[in-house]
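The next block holds one structure in the form of structure tokens; read it before the comments.
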Amino acid sequence: MAYINNREIYISFLEKHLSKERVLHTLAVEKEAIFLAERYGVDICKASLAALLHDCAKGFSDEELVELAKSYNIPLSIWDLSSPQILHAPVGSMFAREYFGIKDGDILSAIWKHTTGDKEMSTLDKIIFIADYIEYNRNFPGISHLREIVKKDLNSAILFAISLTVSYIMRNNFVIHPKTIEVWNHLIKEVKEI
């Protein structure tokens, strides 16, 4: 995969366009994604690249994200427009394809779905979603338990992460994105069928 040869280009872009904290977060997500990819039998290079580029659009303003979403023909919901930063995931996926020439659909999907999730998620999608949530710089009530759960089962870890997120959202009177609810419902059904 050409990624190995381009890693420094990606990191240079991130250092130029993201805050130092966001770059450190990204590298921590990459480390966690590689660990989880090894554990769950997913291509390590794909996990590494998806993690490295998952926040490549995070430096764009709300207005830029909306404009880029329109230019990429990304459907915009009222939920996206009420909280445009959520668009950094789908915009980042398209940006990675257009700017960096990433063509691998698995990588682009993982970038696209890393924030809200999706009812249809591959193992790589789930790894990037949860790696973003539990990377070693994160510190909040429940994270230690979540880090233990992820060693045993990705679906259970995502369900626990969503429960923490929804609790936080409800305490702060924020809007819950419908895709997050879809992920919850889909995974609850999947876990009960096991």
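FYI, nothing fancy with the structure tokens labels: chains A, B, ... in order, residues from 1 per chain, ligands from 1 as they appear.
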
Could you pull the residues within 7 Å of segment 84-100 of chain A, counting only C-alpha atoms, minus those fewer than 3 positions along the same chain, as an MDAnalysis selection string? chainID A and resid 54:58 62 65:66 68:69 72 80:81 103 108 111:115

Nearby residues (only C-alpha atoms) at most 12 Å from Glu21 of chain A, same-chain spacing under 3 positions excluded, as a list in words: Leu14, Glu15, His17, Leu18, Leu24, His25, Thr26, Leu27, Ala28, Asp55, Lys58, Gly59, Asn137 and Arg138 of chain A

Can you write just those residues out, N, CA and C atoms, as a compact mmCIF listing (two decimals), in the first residue's frame?
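Here's the written file result04.txt:
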```
# COMPACT_ATOMS: atom_id res chain seq x y z
N LEU A 14 -1.57 17.33 8.48
CA LEU A 14 -2.27 17.43 9.75
C LEU A 14 -1.63 18.49 10.65
N GLU A 15 -0.29 18.49 10.71
CA GLU A 15 0.41 19.46 11.55
C GLU A 15 0.18 20.89 11.07
N HIS A 17 -2.63 21.95 9.42
CA HIS A 17 -4.05 22.34 9.39
C HIS A 17 -4.82 22.05 10.68
N LEU A 18 -4.22 21.32 11.61
CA LEU A 18 -4.91 21.01 12.85
C LEU A 18 -4.12 21.53 14.04
N LEU A 24 -1.96 15.19 18.17
CA LEU A 24 -1.65 14.18 19.19
C LEU A 24 -2.80 13.19 19.34
N HIS A 25 -4.03 13.70 19.30
CA HIS A 25 -5.22 12.84 19.35
C HIS A 25 -5.19 11.87 18.17
N THR A 26 -4.92 12.38 16.99
CA THR A 26 -4.92 11.55 15.78
C THR A 26 -3.89 10.43 15.88
N LEU A 27 -2.70 10.76 16.34
CA LEU A 27 -1.66 9.73 16.48
C LEU A 27 -2.04 8.70 17.54
N ALA A 28 -2.73 9.14 18.58
CA ALA A 28 -3.20 8.21 19.61
C ALA A 28 -4.30 7.30 19.05
N ASP A 55 -9.68 12.64 11.05
CA ASP A 55 -10.01 14.03 11.38
C ASP A 55 -9.37 15.03 10.41
N LYS A 58 -11.15 18.25 10.18
CA LYS A 58 -11.52 18.87 11.45
C LYS A 58 -11.10 20.35 11.54
N GLY A 59 -10.14 20.75 10.75
CA GLY A 59 -9.68 22.13 10.78
C GLY A 59 -10.55 23.10 10.01
N ASN A 137 -5.39 9.52 25.40
CA ASN A 137 -5.51 10.87 25.94
C ASN A 137 -6.89 11.16 26.51
N ARG A 138 -7.86 10.32 26.19
CA ARG A 138 -9.23 10.54 26.66
C ARG A 138 -9.32 10.17 28.14
```

Step one, run DSSP on the backbone; step two, keep only residues of segment 53-167 of chain A assigned to alpha helix (DSSP H); then write them as number ranges by chain. A: 53, 62-71, 78-82, 88-100, 105-113, 123-134, 143-149, 154-167

Go ahead and write the residues just picked, C-alpha atoms, as a tab-separated table (two decimals), in the first residue's frame.
```tsv
chain	number	residue	atom	x	y	z
A	53	LEU	CA	-6.96	10.70	8.24
A	62	ASP	CA	-18.60	25.24	10.04
A	63	GLU	CA	-19.20	27.29	6.89
A	64	GLU	CA	-16.40	25.54	5.01
A	65	LEU	CA	-17.72	22.11	6.04
A	66	VAL	CA	-21.22	22.94	4.77
A	67	GLU	CA	-19.83	24.30	1.49
A	68	LEU	CA	-17.54	21.29	1.02
A	69	ALA	CA	-20.42	18.92	1.80
A	70	LYS	CA	-22.49	20.62	-0.89
A	71	SER	CA	-19.61	20.48	-3.38
A	78	ILE	CA	-31.27	19.39	9.60
A	79	TRP	CA	-29.13	17.58	12.18
A	80	ASP	CA	-25.98	18.21	10.17
A	81	LEU	CA	-26.83	21.86	9.62
A	82	SER	CA	-27.62	22.41	13.29
A	88	HIS	CA	-16.03	16.66	9.37
A	89	ALA	CA	-16.45	12.88	9.07
A	90	PRO	CA	-18.20	12.59	5.67
A	91	VAL	CA	-16.37	15.66	4.34
A	92	GLY	CA	-13.10	14.15	5.59
A	93	SER	CA	-13.82	10.95	3.70
A	94	MET	CA	-14.41	12.81	0.45
A	95	PHE	CA	-11.47	15.14	1.12
A	96	ALA	CA	-9.18	12.14	1.67
A	97	ARG	CA	-10.32	10.74	-1.67
A	98	GLU	CA	-9.98	14.02	-3.59
A	99	TYR	CA	-6.96	15.64	-1.91
A	100	PHE	CA	-4.87	12.61	-0.99
A	105	GLY	CA	-13.57	2.09	-0.03
A	106	ASP	CA	-12.94	0.45	3.36
A	107	ILE	CA	-10.74	3.33	4.50
A	108	LEU	CA	-13.10	5.99	3.17
A	109	SER	CA	-16.07	4.29	4.86
A	110	ALA	CA	-14.28	4.19	8.22
A	111	ILE	CA	-13.49	7.91	7.98
A	112	TRP	CA	-17.08	8.71	6.94
A	113	LYS	CA	-18.68	6.75	9.81
A	123	THR	CA	-15.17	-4.25	11.55
A	124	LEU	CA	-12.79	-1.52	10.33
A	125	ASP	CA	-15.58	1.09	10.67
A	126	LYS	CA	-16.18	-0.06	14.24
A	127	ILE	CA	-12.47	-0.01	15.06
A	128	ILE	CA	-12.04	3.62	13.94
A	129	PHE	CA	-15.27	4.65	15.70
A	130	ILE	CA	-14.19	3.16	19.03
A	131	ALA	CA	-10.46	4.01	18.70
A	132	ASP	CA	-11.47	7.66	18.35
A	133	TYR	CA	-13.47	7.32	21.56
A	134	ILE	CA	-10.94	5.50	23.76
A	143	ILE	CA	-13.48	5.04	30.03
A	144	SER	CA	-11.55	2.40	32.01
A	145	HIS	CA	-14.52	0.05	31.82
A	146	LEU	CA	-14.94	0.80	28.12
A	147	ARG	CA	-11.28	-0.01	27.47
A	148	GLU	CA	-11.83	-3.41	29.09
A	149	ILE	CA	-15.01	-4.10	27.11
A	154	LEU	CA	-16.49	-4.40	19.60
A	155	ASN	CA	-20.29	-4.27	19.48
A	156	SER	CA	-20.62	-4.19	23.26
A	157	ALA	CA	-17.95	-1.48	23.43
A	158	ILE	CA	-19.76	0.67	20.87
A	159	LEU	CA	-23.05	0.23	22.72
A	160	PHE	CA	-21.42	1.30	25.98
A	161	ALA	CA	-19.75	4.28	24.26
A	162	ILE	CA	-23.09	5.36	22.77
A	163	SER	CA	-24.77	5.07	26.16
A	164	LEU	CA	-22.11	7.36	27.64
A	165	THR	CA	-22.49	9.81	24.75
A	166	VAL	CA	-26.27	9.89	24.90
A	167	SER	CA	-26.19	10.43	28.67
```

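Straight-line separation from atom CA of Lys152 of chain A to atom CA of His177 of chain A: 27.1 Å.
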
Between A:Tyr10, A:Tyr40, A:Phe60, A:Trp184, which is the closest to Val23 of chain A once you count only C-alpha atoms?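 Among the listed residues, A:Tyr10 lies closest to Val23 of chain A.
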